[in-house]
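Enquirer: Hey, dropping data-v3.pdb in here, PDB, C-alpha atoms, pLDDT in the B column:
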```pdb
MODEL        1
ATOM      1  CA  MET A1031      33.020 219.038 171.964  1.00 82.00           C
ATOM      2  CA  ILE A1032      31.943 217.314 175.154  1.00 80.00           C
ATOM      3  CA  VAL A1033      33.585 214.013 174.172  1.00 78.00           C
ATOM      4  CA  ALA A1034      36.867 215.740 173.353  1.00 82.00           C
ATOM      5  CA  ILE A1035      36.834 217.784 176.569  1.00 84.00           C
ATOM      6  CA  THR A1036      35.934 214.791 178.726  1.00 80.00           C
ATOM      7  CA  VAL A1037      38.616 212.572 177.196  1.00 79.00           C
ATOM      8  CA  ALA A1038      41.225 215.313 177.630  1.00 82.00           C
ATOM      9  CA  ILE A1039      40.416 215.628 181.331  1.00 82.00           C
ATOM     10  CA  GLY A1040      40.435 211.850 181.755  1.00 76.00           C
ATOM     11  CA  GLN A1041      43.869 211.600 180.146  1.00 75.00           C
ATOM     12  CA  TRP A1042      45.477 214.497 182.011  1.00 80.00           C
ATOM     13  CA  PHE A1043      44.126 213.958 185.512  1.00 77.00           C
ATOM     14  CA  VAL A1044      43.573 210.219 185.976  1.00 69.00           C
ATOM     15  CA  GLY A1045      45.004 209.255 189.369  1.00 66.00           C
ATOM     16  CA  ARG A1046      45.437 212.923 190.349  1.00 68.00           C
ATOM     17  CA  GLN A1047      42.188 214.293 191.815  1.00 75.00           C
ATOM     18  CA  LEU A1048      40.184 213.176 188.806  1.00 75.00           C
ATOM     19  CA  GLY A1049      36.862 213.762 190.561  1.00 74.00           C
ATOM     20  CA  PHE A1050      37.757 217.353 191.388  1.00 79.00           C
ATOM     21  CA  ALA A1051      38.965 217.981 187.812  1.00 80.00           C
ATOM     22  CA  PHE A1052      35.701 216.705 186.365  1.00 78.00           C
ATOM     23  CA  GLY A1053      33.741 218.613 188.990  1.00 78.00           C
ATOM     24  CA  LEU A1054      35.510 221.848 188.120  1.00 81.00           C
ATOM     25  CA  ASN A1055      34.863 221.266 184.418  1.00 82.00           C
ATOM     26  CA  LEU A1056      31.171 220.638 185.107  1.00 79.00           C
ATOM     27  CA  SER A1057      31.107 223.721 187.327  1.00 81.00           C
ATOM     28  CA  ILE A1058      32.210 225.861 184.376  1.00 84.00           C
ATOM     29  CA  ALA A1059      29.644 224.122 182.151  1.00 82.00           C
ATOM     30  CA  ARG A1060      26.878 224.795 184.676  1.00 79.00           C
ATOM     31  CA  ALA A1061      27.933 228.451 184.754  1.00 83.00           C
ATOM     32  CA  GLY A1062      27.174 228.484 181.031  1.00 85.00           C
ATOM     33  CA  SER A1063      23.766 226.880 181.605  1.00 79.00           C
ATOM     34  CA  PHE A1064      23.014 229.359 184.381  1.00 81.00           C
ATOM     35  CA  SER A1065      23.946 232.242 182.082  1.00 84.00           C
ATOM     36  CA  ALA A1066      21.707 230.866 179.326  1.00 83.00           C
ATOM     37  CA  ASP A1067      18.727 230.675 181.676  1.00 78.00           C
ATOM     38  CA  MET A1068      19.427 234.179 182.999  1.00 82.00           C
ATOM     39  CA  SER A1069      19.970 235.682 179.546  1.00 85.00           C
ATOM     40  CA  PRO A1070      16.323 236.832 179.155  1.00 84.00           C
ATOM     41  CA  THR A1071      16.878 238.909 182.302  1.00 84.00           C
ATOM     42  CA  TRP A1072      20.452 240.018 181.698  1.00 87.00           C
ATOM     43  CA  PHE A1073      19.881 240.841 178.016  1.00 87.00           C
ATOM     44  CA  GLU A1074      16.181 241.671 178.073  1.00 85.00           C
ATOM     45  CA  PRO A1075      16.465 244.356 175.326  1.00 88.00           C
ATOM     46  CA  LEU A1076      17.912 241.762 172.940  1.00 87.00           C
ATOM     47  CA  TYR A1077      15.043 239.352 173.552  1.00 86.00           C
ATOM     48  CA  ASP A1078      12.477 242.130 173.241  1.00 86.00           C
ATOM     49  CA  ALA A1079      13.981 243.091 169.851  1.00 88.00           C
ATOM     50  CA  GLY A1080      13.067 239.745 168.227  1.00 87.00           C
ATOM     51  CA  TRP A1081      14.470 236.263 167.735  1.00 87.00           C
ATOM     52  CA  GLN A1082      17.560 237.263 165.718  1.00 90.00           C
ATOM     53  CA  GLN A1083      19.413 239.228 168.418  1.00 89.00           C
ATOM     54  CA  PRO A1084      19.716 236.337 170.931  1.00 89.00           C
ATOM     55  CA  LEU A1085      21.224 234.214 168.151  1.00 91.00           C
ATOM     56  CA  TRP A1086      23.909 236.853 167.577  1.00 91.00           C
ATOM     57  CA  LEU A1087      24.601 236.743 171.300  1.00 90.00           C
ATOM     58  CA  ALA A1088      25.016 232.947 171.118  1.00 90.00           C
ATOM     59  CA  ALA A1089      27.323 233.288 168.109  1.00 93.00           C
ATOM     60  CA  GLY A1090      29.500 235.730 170.041  1.00 92.00           C
ATOM     61  CA  VAL A1091      29.776 233.338 172.984  1.00 90.00           C
ATOM     62  CA  MET A1092      30.825 230.485 170.700  1.00 91.00           C
ATOM     63  CA  ALA A1093      33.398 232.709 169.004  1.00 95.00           C
ATOM     64  CA  MET A1094      35.057 232.893 172.428  1.00 93.00           C
ATOM     65  CA  GLY A1095      34.823 229.088 172.523  1.00 90.00           C
ATOM     66  CA  VAL A1096      36.793 228.845 169.293  1.00 93.00           C
ATOM     67  CA  VAL A1097      39.512 231.050 170.776  1.00 95.00           C
ATOM     68  CA  ALA A1098      39.582 228.910 173.932  1.00 91.00           C
ATOM     69  CA  ALA A1099      39.942 225.718 171.871  1.00 91.00           C
ATOM     70  CA  PHE A1100      42.914 227.218 170.014  1.00 94.00           C
ATOM     71  CA  VAL A1101      44.534 228.235 173.316  1.00 94.00           C
ATOM     72  CA  TYR A1102      44.128 224.677 174.596  1.00 90.00           C
ATOM     73  CA  TYR A1103      45.741 223.357 171.399  1.00 90.00           C
ATOM     74  CA  LEU A1104      48.784 225.545 172.034  1.00 91.00           C
ATOM     75  CA  LEU A1105      48.975 224.451 175.692  1.00 88.00           C
ATOM     76  CA  GLU A1106      48.755 220.766 174.747  1.00 85.00           C
ATOM     77  CA  ARG A1107      51.479 221.109 172.120  1.00 85.00           C
ATOM     78  CA  SER A1108      53.690 222.902 174.633  1.00 85.00           C
ATOM     79  CA  ALA A1109      53.127 220.189 177.256  1.00 80.00           C
ATOM     80  CA  GLU A1110      53.936 217.424 174.772  1.00 76.00           C
ATOM     81  CA  ARG A1111      57.274 219.061 174.030  1.00 77.00           C
ATOM     82  CA  ARG A1112      58.105 219.758 177.680  1.00 75.00           C
ATOM     83  CA  PHE A1113      57.253 216.307 178.988  1.00 68.00           C
ATOM     84  CA  ASP A1114      58.215 214.359 175.852  1.00 62.00           C
ATOM     85  CA  LEU A1115      54.734 212.887 175.464  1.00 55.00           C
ATOM     86  CA  ARG A1116      54.872 210.867 172.278  1.00 52.00           C
ATOM     87  CA  LYS A1117      51.685 209.651 170.684  1.00 53.00           C
ATOM     88  CA  PRO A1118      51.700 206.126 169.216  1.00 47.00           C
ATOM     89  CA  GLN A1119      52.826 206.039 165.611  1.00 48.00           C
ATOM     90  CA  SER A1120      50.374 203.326 164.566  1.00 47.00           C
ATOM     91  CA  PRO A1121      47.206 203.261 166.671  1.00 51.00           C
ATOM     92  CA  ASP A1122      45.362 199.986 167.065  1.00 52.00           C
ATOM     93  CA  ARG A1123      42.819 199.223 164.357  1.00 57.00           C
ATOM     94  CA  PHE A1124      39.280 200.045 165.381  1.00 57.00           C
ATOM     95  CA  VAL A1125      36.910 197.059 165.340  1.00 63.00           C
ATOM     96  CA  TRP A1126      33.167 197.640 165.684  1.00 66.00           C
ATOM     97  CA  ARG A1127      32.552 194.552 167.802  1.00 65.00           C
ATOM     98  CA  ASP A1128      34.963 195.942 170.394  1.00 63.00           C
ATOM     99  CA  LEU A1129      32.201 198.386 171.357  1.00 65.00           C
ATOM    100  CA  TRP A1130      30.477 195.559 173.217  1.00 69.00           C
ATOM    101  CA  ARG A1131      33.559 194.232 174.999  1.00 75.00           C
ATOM    102  CA  PHE A1132      33.641 196.708 177.830  1.00 82.00           C
ATOM    103  CA  ASP A1133      33.456 195.481 181.411  1.00 83.00           C
ATOM    104  CA  ARG A1134      30.011 195.029 182.992  1.00 86.00           C
ATOM    105  CA  SER A1135      30.753 197.862 185.419  1.00 85.00           C
ATOM    106  CA  TYR A1136      31.136 200.227 182.461  1.00 87.00           C
ATOM    107  CA  TRP A1137      27.678 199.290 181.202  1.00 90.00           C
ATOM    108  CA  TYR A1138      26.199 199.968 184.636  1.00 87.00           C
ATOM    109  CA  ILE A1139      27.702 203.457 184.436  1.00 85.00           C
ATOM    110  CA  VAL A1140      26.298 203.946 180.938  1.00 88.00           C
ATOM    111  CA  GLY A1141      22.859 202.745 182.044  1.00 89.00           C
ATOM    112  CA  LEU A1142      22.789 205.208 184.929  1.00 85.00           C
ATOM    113  CA  CYS A1143      24.035 207.947 182.596  1.00 85.00           C
ATOM    114  CA  VAL A1144      21.205 207.304 180.127  1.00 89.00           C
ATOM    115  CA  MET A1145      18.524 207.191 182.823  1.00 87.00           C
ATOM    116  CA  PHE A1146      19.797 210.223 184.738  1.00 85.00           C
ATOM    117  CA  TYR A1147      20.211 212.537 181.773  1.00 84.00           C
ATOM    118  CA  SER A1148      17.024 211.289 180.082  1.00 87.00           C
ATOM    119  CA  VAL A1149      15.113 212.445 183.155  1.00 84.00           C
ATOM    120  CA  ILE A1150      16.848 215.675 184.104  1.00 83.00           C
ATOM    121  CA  PHE A1151      17.730 217.356 180.808  1.00 80.00           C
ATOM    122  CA  PRO A1152      14.376 217.106 178.990  1.00 80.00           C
ATOM    123  CA  PHE A1153      12.682 218.539 182.084  1.00 82.00           C
ATOM    124  CA  ARG A1154      15.195 221.234 183.039  1.00 77.00           C
ATOM    125  CA  SER A1155      16.156 222.301 179.514  1.00 74.00           C
ATOM    126  CA  THR A1156      12.903 221.816 177.590  1.00 76.00           C
ATOM    127  CA  PHE A1157       9.798 221.758 179.751  1.00 84.00           C
ATOM    128  CA  SER A1158      10.533 223.253 183.155  1.00 85.00           C
ATOM    129  CA  ILE A1159      10.271 226.933 182.147  1.00 85.00           C
ATOM    130  CA  LEU A1160       6.946 226.266 180.402  1.00 88.00           C
ATOM    131  CA  TYR A1161       5.805 224.291 183.457  1.00 88.00           C
ATOM    132  CA  PHE A1162       6.695 227.148 185.797  1.00 88.00           C
ATOM    133  CA  GLN A1163       4.842 229.608 183.562  1.00 89.00           C
ATOM    134  CA  HIS A1164       1.686 227.569 182.928  1.00 90.00           C
ATOM    135  CA  ALA A1165       1.280 225.680 186.218  1.00 88.00           C
ATOM    136  CA  HIS A1166       2.554 228.321 188.645  1.00 87.00           C
ATOM    137  CA  GLY A1167       1.930 231.602 186.831  1.00 88.00           C
ATOM    138  CA  LEU A1168       5.570 232.774 186.689  1.00 88.00           C
ATOM    139  CA  SER A1169       6.719 235.221 184.034  1.00 86.00           C
ATOM    140  CA  LEU A1170       9.360 234.193 181.485  1.00 81.00           C
ATOM    141  CA  GLN A1171      12.055 236.041 183.443  1.00 81.00           C
ATOM    142  CA  GLU A1172      10.939 234.522 186.771  1.00 86.00           C
ATOM    143  CA  ALA A1173      10.737 231.014 185.309  1.00 86.00           C
ATOM    144  CA  GLY A1174      14.190 231.345 183.759  1.00 81.00           C
ATOM    145  CA  ALA A1175      15.627 232.540 187.057  1.00 82.00           C
ATOM    146  CA  MET A1176      13.993 229.661 188.989  1.00 84.00           C
ATOM    147  CA  ASN A1177      15.377 227.147 186.511  1.00 82.00           C
ATOM    148  CA  ALA A1178      18.787 228.816 186.641  1.00 80.00           C
ATOM    149  CA  TRP A1179      19.214 228.243 190.368  1.00 82.00           C
ATOM    150  CA  VAL A1180      19.718 224.508 189.740  1.00 80.00           C
ATOM    151  CA  PHE A1181      22.736 225.322 187.603  1.00 78.00           C
ATOM    152  CA  PHE A1182      23.899 228.051 189.976  1.00 80.00           C
ATOM    153  CA  ALA A1183      24.006 225.563 192.856  1.00 78.00           C
ATOM    154  CA  ALA A1184      25.877 223.082 190.673  1.00 77.00           C
ATOM    155  CA  ILE A1185      28.608 225.651 189.961  1.00 80.00           C
ATOM    156  CA  PHE A1186      29.758 225.407 193.575  1.00 80.00           C
ATOM    157  CA  ALA A1187      28.544 221.968 194.646  1.00 79.00           C
ATOM    158  CA  THR A1188      29.937 219.835 191.805  1.00 80.00           C
ATOM    159  CA  PRO A1189      33.657 220.414 192.588  1.00 81.00           C
ATOM    160  CA  VAL A1190      32.921 219.766 196.269  1.00 81.00           C
ATOM    161  CA  PHE A1191      31.275 216.427 195.477  1.00 81.00           C
ATOM    162  CA  GLY A1192      34.218 215.638 193.200  1.00 78.00           C
ATOM    163  CA  LEU A1193      36.604 216.195 196.108  1.00 79.00           C
ATOM    164  CA  VAL A1194      34.413 213.963 198.315  1.00 80.00           C
ATOM    165  CA  ALA A1195      34.572 211.207 195.695  1.00 77.00           C
ATOM    166  CA  ASP A1196      38.367 211.563 195.474  1.00 74.00           C
ATOM    167  CA  ARG A1197      38.705 211.447 199.256  1.00 78.00           C
ATOM    168  CA  PHE A1198      36.321 208.609 200.148  1.00 75.00           C
ATOM    169  CA  ALA A1199      35.937 206.773 196.798  1.00 70.00           C
ATOM    170  CA  GLN A1200      32.343 205.714 197.572  1.00 75.00           C
ATOM    171  CA  ARG A1201      31.194 206.473 194.038  1.00 75.00           C
ATOM    172  CA  SER A1202      28.396 203.909 193.835  1.00 77.00           C
ATOM    173  CA  ALA A1203      26.840 205.101 197.105  1.00 81.00           C
ATOM    174  CA  LEU A1204      27.046 208.747 196.043  1.00 81.00           C
ATOM    175  CA  MET A1205      25.405 207.994 192.695  1.00 79.00           C
ATOM    176  CA  ALA A1206      22.634 206.069 194.473  1.00 82.00           C
ATOM    177  CA  VAL A1207      21.947 209.020 196.787  1.00 84.00           C
ATOM    178  CA  GLY A1208      21.788 211.429 193.864  1.00 82.00           C
ATOM    179  CA  SER A1209      19.442 209.151 191.922  1.00 83.00           C
ATOM    180  CA  LEU A1210      17.091 208.811 194.909  1.00 87.00           C
ATOM    181  CA  LEU A1211      16.968 212.589 195.332  1.00 86.00           C
ATOM    182  CA  LEU A1212      16.041 213.016 191.680  1.00 84.00           C
ATOM    183  CA  ALA A1213      13.373 210.317 191.949  1.00 87.00           C
ATOM    184  CA  ALA A1214      11.750 212.250 194.818  1.00 88.00           C
ATOM    185  CA  VAL A1215      11.394 215.481 192.840  1.00 87.00           C
ATOM    186  CA  PHE A1216       8.553 214.598 190.499  1.00 87.00           C
ATOM    187  CA  PRO A1217       6.142 213.104 193.094  1.00 91.00           C
ATOM    188  CA  ILE A1218       6.695 216.296 195.122  1.00 90.00           C
ATOM    189  CA  LEU A1219       5.719 218.425 192.118  1.00 86.00           C
ATOM    190  CA  LEU A1220       2.782 216.166 191.281  1.00 86.00           C
ATOM    191  CA  PHE A1221       1.190 215.480 194.667  1.00 89.00           C
ATOM    192  CA  THR A1222       2.124 218.417 196.902  1.00 88.00           C
ATOM    193  CA  ASN A1223       1.895 222.194 197.008  1.00 86.00           C
ATOM    194  CA  LEU A1224       5.340 222.647 198.502  1.00 87.00           C
ATOM    195  CA  SER A1225       7.448 225.586 197.423  1.00 86.00           C
ATOM    196  CA  LEU A1226       9.183 225.246 194.068  1.00 86.00           C
ATOM    197  CA  TRP A1227      12.407 225.830 195.963  1.00 85.00           C
ATOM    198  CA  ILE A1228      12.136 222.311 197.473  1.00 85.00           C
ATOM    199  CA  SER A1229      12.241 220.604 194.078  1.00 85.00           C
ATOM    200  CA  THR A1230      14.836 223.081 192.827  1.00 84.00           C
ATOM    201  CA  VAL A1231      17.188 222.290 195.730  1.00 83.00           C
ATOM    202  CA  LEU A1232      16.742 218.523 195.318  1.00 85.00           C
ATOM    203  CA  ILE A1233      17.416 218.669 191.582  1.00 85.00           C
ATOM    204  CA  GLY A1234      20.401 220.950 192.208  1.00 83.00           C
ATOM    205  CA  ILE A1235      21.977 218.452 194.617  1.00 83.00           C
ATOM    206  CA  ALA A1236      21.309 215.490 192.318  1.00 84.00           C
ATOM    207  CA  PHE A1237      22.535 217.443 189.300  1.00 79.00           C
ATOM    208  CA  SER A1238      25.761 218.222 191.158  1.00 79.00           C
ATOM    209  CA  LEU A1239      26.309 214.860 192.822  1.00 78.00           C
ATOM    210  CA  VAL A1240      25.765 212.300 190.076  1.00 73.00           C
ATOM    211  CA  PRO A1241      27.914 213.814 187.271  1.00 73.00           C
ATOM    212  CA  ALA A1242      30.734 214.579 189.730  1.00 76.00           C
ATOM    213  CA  VAL A1243      31.143 210.862 190.421  1.00 80.00           C
ATOM    214  CA  LEU A1244      29.720 209.429 187.180  1.00 79.00           C
ATOM    215  CA  TRP A1245      32.214 210.667 184.595  1.00 78.00           C
ATOM    216  CA  PRO A1246      35.393 210.237 186.695  1.00 79.00           C
ATOM    217  CA  ALA A1247      34.521 206.551 187.179  1.00 80.00           C
ATOM    218  CA  VAL A1248      34.989 205.720 183.472  1.00 83.00           C
ATOM    219  CA  PRO A1249      38.823 206.073 183.269  1.00 80.00           C
ATOM    220  CA  TYR A1250      39.118 203.529 186.079  1.00 79.00           C
ATOM    221  CA  LEU A1251      37.013 200.997 184.138  1.00 83.00           C
ATOM    222  CA  VAL A1252      38.536 201.146 180.644  1.00 83.00           C
ATOM    223  CA  THR A1253      42.064 201.188 179.244  1.00 81.00           C
ATOM    224  CA  PRO A1254      43.482 204.612 178.233  1.00 76.00           C
ATOM    225  CA  ASP A1255      43.515 203.744 174.512  1.00 77.00           C
ATOM    226  CA  ARG A1256      39.749 203.112 174.632  1.00 81.00           C
ATOM    227  CA  LEU A1257      38.775 206.160 176.657  1.00 80.00           C
ATOM    228  CA  GLY A1258      37.525 208.122 173.653  1.00 80.00           C
ATOM    229  CA  THR A1259      35.423 205.186 172.464  1.00 84.00           C
ATOM    230  CA  ALA A1260      34.016 204.663 175.966  1.00 86.00           C
ATOM    231  CA  TYR A1261      32.946 208.292 176.390  1.00 84.00           C
ATOM    232  CA  GLY A1262      31.716 208.573 172.805  1.00 85.00           C
ATOM    233  CA  LEU A1263      29.510 205.491 173.203  1.00 88.00           C
ATOM    234  CA  ALA A1264      28.174 206.729 176.546  1.00 88.00           C
ATOM    235  CA  PHE A1265      27.301 210.159 175.155  1.00 86.00           C
ATOM    236  CA  MET A1266      25.700 208.616 172.061  1.00 90.00           C
ATOM    237  CA  LEU A1267      23.389 206.415 174.137  1.00 91.00           C
ATOM    238  CA  GLN A1268      22.715 209.337 176.487  1.00 89.00           C
ATOM    239  CA  ASN A1269      21.510 211.441 173.576  1.00 89.00           C
ATOM    240  CA  VAL A1270      19.367 208.589 172.255  1.00 92.00           C
ATOM    241  CA  GLY A1271      17.673 208.510 175.657  1.00 91.00           C
ATOM    242  CA  MET A1272      17.094 212.270 175.640  1.00 88.00           C
ATOM    243  CA  LEU A1273      15.715 212.085 172.077  1.00 90.00           C
ATOM    244  CA  VAL A1274      13.189 209.387 173.014  1.00 91.00           C
ATOM    245  CA  VAL A1275      12.090 211.112 176.239  1.00 88.00           C
ATOM    246  CA  ASN A1276      11.756 214.520 174.563  1.00 86.00           C
ATOM    247  CA  LEU A1277       9.607 213.044 171.803  1.00 88.00           C
ATOM    248  CA  GLY A1278       7.507 211.101 174.299  1.00 88.00           C
ATOM    249  CA  ALA A1279       6.970 214.052 176.615  1.00 81.00           C
ATOM    250  CA  GLY A1280       6.267 216.387 173.699  1.00 80.00           C
TER     251      GLY A1280
ENDMDL
END
```
Take the structure in this file and express it as C-alpha cells.

Expert:
Amino acid sequence: MIVAITVAIGQWFVGRQLGFAFGLNLSIARAGSFSADMSPTWFEPLYDAGWQQPLWLAAGVMAMGVVAAFVYYLLERSAERRFDLRKPQSPDRFVWRDLWRFDRSYWYIVGLCVMFYSVIFPFRSTFSILYFQHAHGLSLQEAGAMNAWVFFAAIFATPVFGLVADRFAQRSALMAVGSLLLAAVFPILLFTNLSLWISTVLIGIAFSLVPAVLWPAVPYLVTPDRLGTAYGLAFMLQNVGMLVVNLGAG
C-alpha cells in the first residue's frame, strides 16, 4: 500500500509542490497512528472486553480503506480520460541488476531512510509504551496518550516542513537537523530526569521533518519509469532494518 501511494504522489505532483503533497499524505498517515495510540482511551470498553473486539475495530477501519482505494481508482481513470494520459504499451523489461544502478545520491537517501526508521519505529511503535509504563509508572491509557502526541504533532508539522522544503530546497540540511534531534533523544532519556515531554517534542519534530524532505527527494533522483522500483527497494531495505533492530532490542 505505501509503495503504491508514494509512487502515485510522486507521479502526480513532481515539480508542483511535491514536498507539501508528501507532507499532507504523511499528515493523514500520522493521524491514523495517533488514532491507533489513542484507541485504548477512545474505545476503552472494546479493549476491556478482550482481544477480539479491537481486531473488529481494525477490520472496520480497513474496510473504509478498501472503499477509498476504489474511489482513487475511479478518479485516476477519469483523469486519464480527461488529460489523455496514455500508459506505455510495452514497458521496459525489468532487469535485476538495474537495482544497483541508481545514482549515489539515491543510496544516501536510502541509507538515511534505513537508519531513521530503524531507530524511530521500533521505539515508538513497539517499546515506548512499555517503557513509559515500566520506567515511569504510567498507565496503559497514559502511555498511549504520551506516545500519541508525537504523531499528533506530525499531523500539523509535516505539511509545514514540506512547504519549507519546496520553498527553500535545502533538503540535505533539513534532514541533517532532523537526524541530530533524533540522536539527542535517547541520551536525554538515559542520563537525565527531564520531563518526558522534552523527548516527545524532539521526536515529534524529527518525525515530522525528515520524512517531509526524505520521500520527495526521490523523484528528483530517479527517472519516472523507475520510481516504483526506487521506492519499493527503499521500503524493502527500511523494513529489513526495522526487522533487525526489533529482534535485537527484543

Enquirer: When you count only C-alpha atoms, which of these residues is closest to Ala1187 in chain A: A:Gly1053, A:Gly1095, A:Gly1262, A:Pro1254?

Expert: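 Ranked by minimum distance to Ala1187 in chain A, first place goes to A:Gly1053.
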
Enquirer: Please identify all polymer residues within 9 Å of Asn1269 in chain A, counting all atoms listed in the file, omitting same-chain residues fewer than 5 positions from it, and present them as a list in words.

Expert: Val1144, Tyr1147, Ser1148, Ala1264 and Val1274 of chain A

Enquirer: Running the PyMOL selection byres ((chain A and resi 1138) around 12) on this model by hand, what would come out? Give it as number ranges by chain.

Expert: A: 1132-1137, 1139-1145, 1202, 1205, 1244, 1247-1248, 1251, 1264

Enquirer: Any chance you could work out the residue set of the PyMOL selection byres ((chain A and resi 1209-1223) around 9) here, as number ranges by chain?

Expert: A: 1142, 1146, 1149-1150, 1204-1208, 1224-1226, 1228-1230, 1232-1233, 1235-1237, 1239-1240

Enquirer: As a list of chain:residue names, please: the residues near Leu1277 in chain A (cut-off 12 Å, all atoms listed in the file, same-chain neighbours under 5 positions excluded).

Expert: A:Ser1148, A:Pro1152, A:Thr1156, A:Phe1157, A:Val1270, A:Gly1271, A:Met1272

Enquirer: List the residues matched by the PyMOL selection byres ((chain A and resi 1032-1042) around 9) in the displayed structure as a ChimeraX atom specification, ordered by chain and then by residue number.

Expert: /A:1031,1043-1044,1046,1048,1051-1052,1055,1245-1246,1248-1249,1254,1257-1258,1261-1262,1265

Enquirer: Using only C-alpha atoms, pick whichever of A:Glu1074, A:Glu1110, A:Asp1196, A:Asp1255 has the shortest atom-to-atom distance to Leu1170 in chain A.

Expert: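 Answer, going by the shortest atom-to-atom distance: A:Glu1074.
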
Enquirer: In Å, with one decimal, what is the gap from CA of Ala1242 in chain A to CA of Ser1063 in chain A?

Expert: 16.3 Å

Enquirer: Can you tell me how far CA of Ile1185 in chain A sits from CA of Leu1263 in chain A, in Å to one decimal?

Expert: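 Separation of CA of Ile1185 in chain A and CA of Leu1263 in chain A: 26.2 Å.
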
Enquirer: Tell me, in Å to one decimal, how far CA of Thr1071 in chain A is from CA of Pro1189 in chain A.

Expert: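 Rounded to one decimal, the two atoms are 27.0 Å apart.
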
Enquirer: Which of these, A:Phe1153, A:Phe1182, A:Phe1191, A:Trp1227, has the shortest distance to Gly1280 in chain A once you count only C-alpha atoms?

Expert: A:Phe1153

Enquirer: Taking all atoms listed in the file into account, which of A:Ala1175, A:Leu1085, A:Val1096, A:Ala1199 comes nearest Trp1072 in chain A?

Expert: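 Counting all atoms listed in the file, the residue closest to Trp1072 in chain A is A:Ala1175.
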
Enquirer: Kindly indicate which residue among A:Trp1081, A:Leu1076, A:Gln1171, A:Asn1177 lies nearest to Ser1158 in chain A, using all atoms listed in the file for the distances.

Expert: A:Asn1177

Enquirer: Rank A:Arg1256, A:Ala1088, A:Leu1160, A:Arg1060 by their smallest atom-to-atom distance to Phe1073 in chain A, using all atoms listed in the file, and report the top residue only.

Expert: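 That would be A:Ala1088, the residue with the smallest distance to Phe1073 in chain A.
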
Enquirer: Please reconstruct the missing atoms of range 1137-1148 of chain A (target: N, CA and C atoms) and return them as a short mmCIF file (atom, residue, chain, number, x, y, z; two decimals), in the frame of the given file.

Expert:
```cif
data_model
loop_
_atom_site.label_atom_id
_atom_site.label_comp_id
_atom_site.auth_asym_id
_atom_site.auth_seq_id
_atom_site.Cartn_x
_atom_site.Cartn_y
_atom_site.Cartn_z
N TRP A 1137 29.05 199.23 181.70
CA TRP A 1137 27.68 199.29 181.20
C TRP A 1137 26.71 199.73 182.29
N TYR A 1138 27.01 199.42 183.55
CA TYR A 1138 26.20 199.97 184.64
C TYR A 1138 26.29 201.49 184.66
N ILE A 1139 27.51 202.01 184.48
CA ILE A 1139 27.70 203.46 184.44
C ILE A 1139 26.93 204.07 183.27
N VAL A 1140 27.01 203.44 182.11
CA VAL A 1140 26.30 203.95 180.94
C VAL A 1140 24.79 203.92 181.17
N GLY A 1141 24.28 202.84 181.77
CA GLY A 1141 22.86 202.74 182.04
C GLY A 1141 22.39 203.85 182.97
N LEU A 1142 23.14 204.12 184.02
CA LEU A 1142 22.79 205.21 184.93
C LEU A 1142 22.87 206.55 184.21
N CYS A 1143 23.88 206.71 183.37
CA CYS A 1143 24.04 207.95 182.60
C CYS A 1143 22.80 208.19 181.73
N VAL A 1144 22.36 207.16 181.02
CA VAL A 1144 21.20 207.30 180.13
C VAL A 1144 19.96 207.66 180.93
N MET A 1145 19.73 206.93 182.02
CA MET A 1145 18.52 207.19 182.82
C MET A 1145 18.56 208.57 183.46
N PHE A 1146 19.71 208.95 184.03
CA PHE A 1146 19.80 210.22 184.74
C PHE A 1146 19.58 211.39 183.79
N TYR A 1147 20.31 211.40 182.68
CA TYR A 1147 20.21 212.54 181.77
C TYR A 1147 18.91 212.53 180.99
N SER A 1148 18.32 211.35 180.76
CA SER A 1148 17.02 211.29 180.08
C SER A 1148 15.92 211.87 180.94
#
```
